[in-house]
$ cat entry.cif   # mmCIF, C-alpha atoms and all ligand atoms
data_my_file
loop_
_atom_site.label_atom_id
_atom_site.label_comp_id
_atom_site.auth_asym_id
_atom_site.auth_seq_id
_atom_site.Cartn_x
_atom_site.Cartn_y
_atom_site.Cartn_z
CA MET W 237 13.70 -12.65 6.05
CA ALA W 238 10.84 -12.16 8.46
CA THR W 239 8.96 -14.63 10.58
CA LEU W 240 5.74 -15.55 8.81
CA ARG W 241 2.63 -15.32 10.95
CA LEU W 242 -0.93 -16.52 10.57
CA GLY W 243 -2.81 -14.25 8.19
CA ASP W 244 0.33 -13.20 6.32
CA THR W 245 0.53 -13.67 2.57
CA ALA W 246 2.69 -16.66 1.64
CA PRO W 247 5.67 -15.31 -0.33
CA ASN W 248 5.89 -16.29 -3.98
CA PHE W 249 9.11 -17.70 -5.44
CA THR W 250 10.48 -19.47 -8.47
CA GLN W 251 12.64 -22.45 -7.63
CA ASP W 252 13.81 -25.70 -9.17
CA SER W 253 12.23 -28.95 -8.01
CA SER W 254 12.16 -32.68 -8.65
CA GLU W 255 9.39 -31.91 -11.18
CA GLY W 256 11.17 -28.97 -12.88
CA GLU W 257 11.08 -25.24 -12.23
CA ILE W 258 8.12 -24.07 -10.16
CA ASP W 259 6.55 -20.63 -9.93
CA PHE W 260 4.86 -21.20 -6.59
CA TYR W 261 1.69 -19.14 -7.14
CA ARG W 262 1.17 -20.52 -10.65
CA TRP W 263 1.78 -24.07 -9.42
CA ALA W 264 -0.63 -23.61 -6.47
CA GLY W 265 -3.42 -22.17 -8.64
CA ASP W 266 -6.71 -22.23 -6.73
CA SER W 267 -5.70 -25.11 -4.45
CA TRP W 268 -4.85 -25.20 -0.81
CA VAL W 269 -1.16 -25.97 -0.28
CA VAL W 270 0.81 -27.81 2.38
CA LEU W 271 4.39 -26.58 2.07
CA PHE W 272 6.66 -28.58 4.37
CA SER W 273 10.39 -28.47 4.94
CA HIS W 274 12.71 -31.25 6.01
CA PRO W 275 16.30 -31.19 7.25
CA ALA W 276 17.98 -33.23 4.52
CA ASP W 277 17.60 -35.95 1.89
CA PHE W 278 18.52 -39.57 2.68
CA THR W 279 17.54 -39.22 6.34
CA PRO W 280 15.32 -41.81 8.00
CA VAL W 281 12.54 -39.70 9.52
CA CYS W 282 12.11 -37.61 6.36
CA THR W 283 11.96 -40.77 4.26
CA THR W 284 8.96 -41.98 6.27
CA GLU W 285 7.31 -38.53 6.17
CA LEU W 286 7.54 -38.16 2.41
CA GLY W 287 6.35 -41.74 1.98
CA LYS W 288 3.32 -41.05 4.18
CA THR W 289 2.54 -37.84 2.26
CA ALA W 290 2.57 -39.83 -0.98
CA ALA W 291 0.37 -42.53 0.55
CA LEU W 292 -2.13 -39.84 1.59
CA SER W 293 -2.29 -38.46 -1.96
CA GLY W 294 -6.02 -39.27 -2.28
CA GLU W 295 -6.79 -37.60 1.08
CA PHE W 296 -5.00 -34.40 0.02
CA ALA W 297 -6.73 -34.41 -3.38
CA LYS W 298 -10.16 -34.92 -1.76
CA ARG W 299 -9.63 -31.69 0.19
CA GLY W 300 -8.27 -29.74 -2.81
CA VAL W 301 -4.78 -29.63 -1.28
CA LYS W 302 -1.43 -29.87 -3.09
CA PRO W 303 1.59 -30.94 -1.00
CA ILE W 304 5.07 -29.61 -1.78
CA ALA W 305 8.27 -30.41 0.14
CA VAL W 306 11.49 -28.40 0.38
CA SER W 307 15.04 -28.92 1.56
CA ILE W 308 18.34 -27.30 0.70
CA ASP W 309 19.55 -30.38 -1.18
CA PRO W 310 19.88 -30.19 -5.00
CA VAL W 311 17.52 -31.69 -7.59
CA ASP W 312 19.72 -34.66 -8.56
CA LYS W 313 19.87 -35.75 -4.93
CA HIS W 314 16.08 -35.35 -4.56
CA LYS W 315 15.55 -37.54 -7.62
CA GLN W 316 17.81 -40.30 -6.31
CA TRP W 317 16.15 -40.11 -2.90
CA ILE W 318 12.64 -40.33 -4.40
CA GLY W 319 13.65 -43.74 -5.79
CA ASP W 320 14.53 -44.83 -2.25
CA ILE W 321 11.33 -43.42 -0.78
CA ASN W 322 9.19 -45.21 -3.35
CA GLU W 323 11.00 -48.48 -2.79
CA THR W 324 11.23 -48.43 1.01
CA GLN W 325 7.82 -46.88 1.72
CA ASN W 326 6.04 -48.85 -1.00
CA THR W 327 4.57 -45.74 -2.58
CA THR W 328 4.91 -43.28 -5.47
CA VAL W 329 5.99 -39.74 -4.65
CA ASP W 330 3.63 -37.71 -6.83
CA PHE W 331 4.35 -34.21 -5.50
CA PRO W 332 7.36 -31.94 -6.05
CA ILE W 333 10.33 -31.57 -3.72
CA LEU W 334 11.81 -28.08 -4.05
CA ALA W 335 15.58 -27.95 -4.32
CA ASP W 336 16.78 -24.97 -2.34
CA PRO W 337 20.61 -24.97 -2.30
CA ASP W 338 20.63 -21.16 -2.58
CA ARG W 339 18.20 -21.00 0.37
CA LYS W 340 15.77 -18.77 -1.47
CA VAL W 341 12.71 -20.54 -0.05
CA ALA W 342 14.43 -21.17 3.29
CA ASP W 343 15.01 -17.44 3.69
CA LEU W 344 11.51 -16.44 2.59
CA TYR W 345 9.87 -18.95 4.96
CA ASP W 346 12.40 -18.65 7.80
CA LEU W 347 13.35 -22.33 7.62
CA ILE W 348 16.89 -22.06 8.98
CA HIS W 349 16.81 -21.70 12.76
CA PRO W 350 20.50 -21.04 13.44
CA ASN W 351 20.38 -22.08 17.08
CA ALA W 352 19.05 -25.49 15.99
CA SER W 353 21.27 -25.87 12.89
CA THR W 354 23.11 -23.37 10.74
CA THR W 355 22.78 -25.54 7.64
CA ALA W 356 19.69 -27.78 7.77
CA THR W 357 16.11 -26.56 7.29
CA VAL W 358 13.83 -27.21 10.25
CA ARG W 359 10.77 -29.46 10.06
CA SER W 360 8.10 -26.83 9.41
CA VAL W 361 4.61 -27.02 7.91
CA PHE W 362 2.65 -24.17 6.32
CA VAL W 363 -1.00 -24.59 5.40
CA ILE W 364 -1.77 -21.97 2.74
CA ASP W 365 -5.29 -21.28 1.47
CA PRO W 366 -6.34 -20.57 -2.13
CA LYS W 367 -5.95 -16.82 -1.52
CA LYS W 368 -2.29 -17.50 -0.57
CA VAL W 369 -2.91 -16.65 3.07
CA ILE W 370 -0.92 -18.61 5.68
CA ARG W 371 -3.52 -20.36 7.84
CA THR W 372 -1.37 -22.69 9.97
CA THR W 373 2.29 -22.95 10.88
CA ILE W 374 3.81 -25.82 12.86
CA THR W 375 7.50 -26.49 13.53
CA TYR W 376 8.83 -29.78 14.87
CA PRO W 377 12.31 -30.74 16.02
CA ALA W 378 14.47 -32.70 13.58
CA SER W 379 14.16 -35.83 15.72
CA THR W 380 10.34 -35.94 15.61
CA GLY W 381 8.45 -37.01 12.53
CA ARG W 382 5.25 -35.13 11.80
CA ASN W 383 1.76 -36.56 12.14
CA PHE W 384 0.20 -36.06 8.72
CA ASP W 385 -3.20 -37.20 9.98
CA GLU W 386 -3.05 -34.13 12.24
CA ILE W 387 -2.24 -31.91 9.26
CA LEU W 388 -5.30 -33.28 7.42
CA ARG W 389 -7.37 -32.76 10.58
CA VAL W 390 -6.35 -29.07 10.74
CA ILE W 391 -7.27 -28.65 7.07
CA ASP W 392 -10.67 -30.25 7.74
CA SER W 393 -11.20 -27.78 10.58
CA LEU W 394 -10.11 -24.77 8.49
CA GLN W 395 -12.32 -25.72 5.57
CA LEU W 396 -15.33 -26.36 7.82
CA THR W 397 -14.96 -23.23 9.93
CA ASP W 398 -14.41 -21.06 6.83
CA SER W 399 -17.93 -21.86 5.66
CA HIS W 400 -19.90 -22.27 8.91
CA LYS W 401 -20.06 -20.16 12.08
CA VAL W 402 -18.46 -22.87 14.19
CA ALA W 403 -15.11 -23.81 15.71
CA THR W 404 -13.75 -27.28 16.40
CA PRO W 405 -13.10 -28.38 20.00
CA VAL W 406 -10.28 -30.39 21.52
CA ASN W 407 -9.29 -33.52 19.60
CA TRP W 408 -12.10 -32.92 17.10
CA LYS W 409 -12.07 -34.95 13.94
CA ASP W 410 -14.27 -34.77 10.88
CA GLY W 411 -17.81 -35.88 11.80
CA ASP W 412 -17.61 -35.01 15.51
CA ASP W 413 -19.74 -32.35 17.19
CA VAL W 414 -18.52 -28.75 16.95
CA VAL W 415 -19.01 -25.55 18.96
CA ILE W 416 -21.02 -22.53 17.83
CA LEU W 417 -19.09 -19.24 17.64
CA PRO W 418 -19.89 -17.18 20.76
CA SER W 419 -20.44 -14.10 18.52
CA LEU W 420 -23.52 -15.76 17.03
CA GLN W 421 -26.43 -14.90 19.35
CA ASP W 422 -29.36 -14.05 17.08
CA PRO W 423 -32.04 -16.75 17.76
CA ALA W 424 -33.39 -16.66 14.18
CA GLU W 425 -29.92 -17.15 12.68
CA LEU W 426 -29.12 -19.89 15.19
CA ALA W 427 -32.29 -21.75 14.20
CA GLU W 428 -31.55 -21.32 10.51
CA ARG W 429 -27.90 -22.34 10.70
CA PHE W 430 -28.33 -25.19 13.14
CA PRO W 431 -31.65 -26.91 12.36
CA LYS W 432 -30.54 -29.99 14.31
CA GLY W 433 -30.40 -27.79 17.43
CA PHE W 434 -27.64 -27.33 19.96
CA LYS W 435 -26.87 -27.96 23.60
CA ALA W 436 -25.95 -24.87 25.64
CA ILE W 437 -23.70 -26.13 28.46
CA ARG W 438 -22.80 -22.51 29.18
CA PRO W 439 -23.93 -19.44 27.22
CA TYR W 440 -20.50 -19.45 25.54
CA LEU W 441 -20.24 -23.25 25.18
CA ARG W 442 -22.82 -24.53 22.73
CA ILE W 443 -22.40 -27.92 21.11
CA THR W 444 -24.01 -28.87 17.81
CA PRO W 445 -23.66 -31.67 15.26
CA GLN W 446 -21.25 -30.86 12.44
CA PRO W 447 -23.43 -28.68 10.19
CA ASN W 448 -22.26 -30.01 6.81
CA ARG W 449 -23.08 -33.62 7.70
C1 LIG Y 1 15.69 -37.48 9.80
O1 LIG Y 1 14.95 -36.87 9.03
O2 LIG Y 1 15.69 -38.68 9.85
C2 LIG Y 1 16.56 -36.73 10.73
C3 LIG Y 1 17.07 -35.50 10.35
C4 LIG Y 1 17.91 -34.81 11.21
C5 LIG Y 1 18.20 -35.35 12.46
C6 LIG Y 1 17.64 -36.57 12.83
C7 LIG Y 1 16.83 -37.26 11.95
#

$ encode --input "entry.cif" --output "structure tokens"
Amino acid sequence: MATLRLGDTAPNFTQDSSEGEIDFYRWAGDSWVVLFSHPADFTPVCTTELGKTAALSGEFAKRGVKPIAVSIDPVDKHKQWIGDINETQNTTVDFPILADPDRKVADLYDLIHPNASTTATVRSVFVIDPKKVIRTTITYPASTGRNFDEILRVIDSLQLTDSHKVATPVNWKDGDDVVILPSLQDPAELAERFPKGFKAIRPYLRITPQPNR
């Protein structure tokens, strides 16, 4: 088990899930993936998180992203819990929850932080791109539910900045102005890439409308 860092290849695995056995790479295909762990089934915060993920199904699909959850609980427990999530969160869980009682995925993704808990998986998120590269990692304490709007926001930023020579500033959200990469200095390329122009507040701080809008 090694700590996974940005730019590392997401490890493949085969593991059982609420939707049957999953070969991770085959299941992911050419999609982006949000792999997220939770401490345990039948817990209140996790119930709201998985409900919210299901409610955001259309938002994930729009971005070409497949969500997949994991905890060390077994499949039969996941299936019972999904009934509760659907009922209490008024939604339909339409993504798999990996069952990881042998901790195969937990070990590969370093999801047991022994000084926090020796048994429960932490609340981590991995954003993985279609080339299986880890692009974002976030870990929250068990007592704090994640903000899935923030996870979508990060994906929007990654997908935008992968295809344009820009970065996204503080609190950016899709549609807001962006900043031009400082490495881009050629006037002809600047004019071609940013026909709407840009405002140079400093030579390194140049603001432009979001280029794909
Ligand atoms: C929860 O998901 O609700 C939770 C899990 C562990 C500790 C506290 C809350």

$ residues_near_ligand --input "entry.cif" --ligand "ligand LIG 1 (chain Y)" --cutoff "6 Å" --atoms "only C-alpha atoms and all ligand atoms" --output "JSON, numbers by chain"
{"W": [275, 279, 280, 281, 282, 378, 379]}

$ residues_around --input "entry.cif" --residues "Thr327 in chain W" --least-positions-apart "4" --cutoff "8 Å" --atoms "only C-alpha atoms" --output "list in words"
Gly287, Ala290, Ala291, Ile321, Asn322 and Glu323 of chain W

$ closest_residue --input "entry.cif" --among "W:Val415, W:Leu420, W:Leu347, W:Leu286" --to "Asp330 in chain W" --atoms "all atoms listed in the file"
W:Leu286

$ residues_around --input "entry.cif" --residues "Thr373 in chain W" --least-positions-apart "5" --cutoff "9 Å" --atoms "only C-alpha atoms" --output "VMD selection string"
chain W and resid 240 to 242 360 to 363

$ closest_residue --input "entry.cif" --among "W:Val369, W:Leu388, W:Val358, W:Ile416" --to "Ser293 in chain W" --atoms "all atoms listed in the file"
W:Leu388

$ residues_around --input "entry.cif" --residues "Pro337 in chain W" --least-positions-apart "2" --cutoff "7 Å" --atoms "all atoms listed in the file" --output "list in words"
Ile308, Asp309, Pro310, Ala335 and Arg339 of chain W

$ atom_distance --input "entry.cif" --atom1 "CA of Asp338 in chain W" --atom2 "CA of Ala305 in chain W"
15.7 Å

$ residues_around --input "entry.cif" --residues "range 425-441 of chain W" --least-positions-apart "6" --cutoff "9 Å" --atoms "all atoms listed in the file" --output "ChimeraX atom specification"
/W:400-401,415-419,447

$ atom_distance --input "entry.cif" --atom1 "CA of Lys409 in chain W" --atom2 "CA of Asp365 in chain W"
19.7 Å

$ closest_residue --input "entry.cif" --among "W:Thr239, W:Thr289, W:Ala276, W:Thr245" --to "Arg382 in chain W" --atoms "only C-alpha atoms"
W:Thr289

$ closest_residue --input "entry.cif" --among "W:Val390, W:Val269, W:Leu292, W:Ile304" --to "Trp408 in chain W" --atoms "all atoms listed in the file"
W:Val390

$ axis_aligned_box --input "entry.cif" --around "range 433-447 of chain W" --padding-each-side "3 Å" --output "JSON"
{"center_x": -25.3, "center_y": -25.6, "center_z": 19.7, "size_x": 16.2, "size_y": 18.2, "size_z": 25.0}

$ atom_distance --input "entry.cif" --atom1 "CA of Asp422 in chain W" --atom2 "CA of Ala403 in chain W"
17.3 Å

$ residues_near_point --input "entry.cif" --point "(18.2, -35.8, -3.8)" --cutoff "9 Å" --atoms "all atoms listed in the file" --output "ChimeraX atom specification"
/W:254,276-278,309-318,333,335

$ closest_atom_pairs --input "entry.cif" --of "range 343-403 of chain W" --to "range 247-252 of chain W" --cutoff "9 Å" --atoms "all atoms listed in the file" --output "JSON lines"
{"residue": "W:Leu344", "atom": "CA", "partner": "W:Pro247", "partner_atom": "CA", "distance": 6.6}
{"residue": "W:Tyr345", "atom": "CA", "partner": "W:Pro247", "partner_atom": "CA", "distance": 7.7}
{"residue": "W:Lys368", "atom": "CA", "partner": "W:Pro247", "partner_atom": "CA", "distance": 8.3}
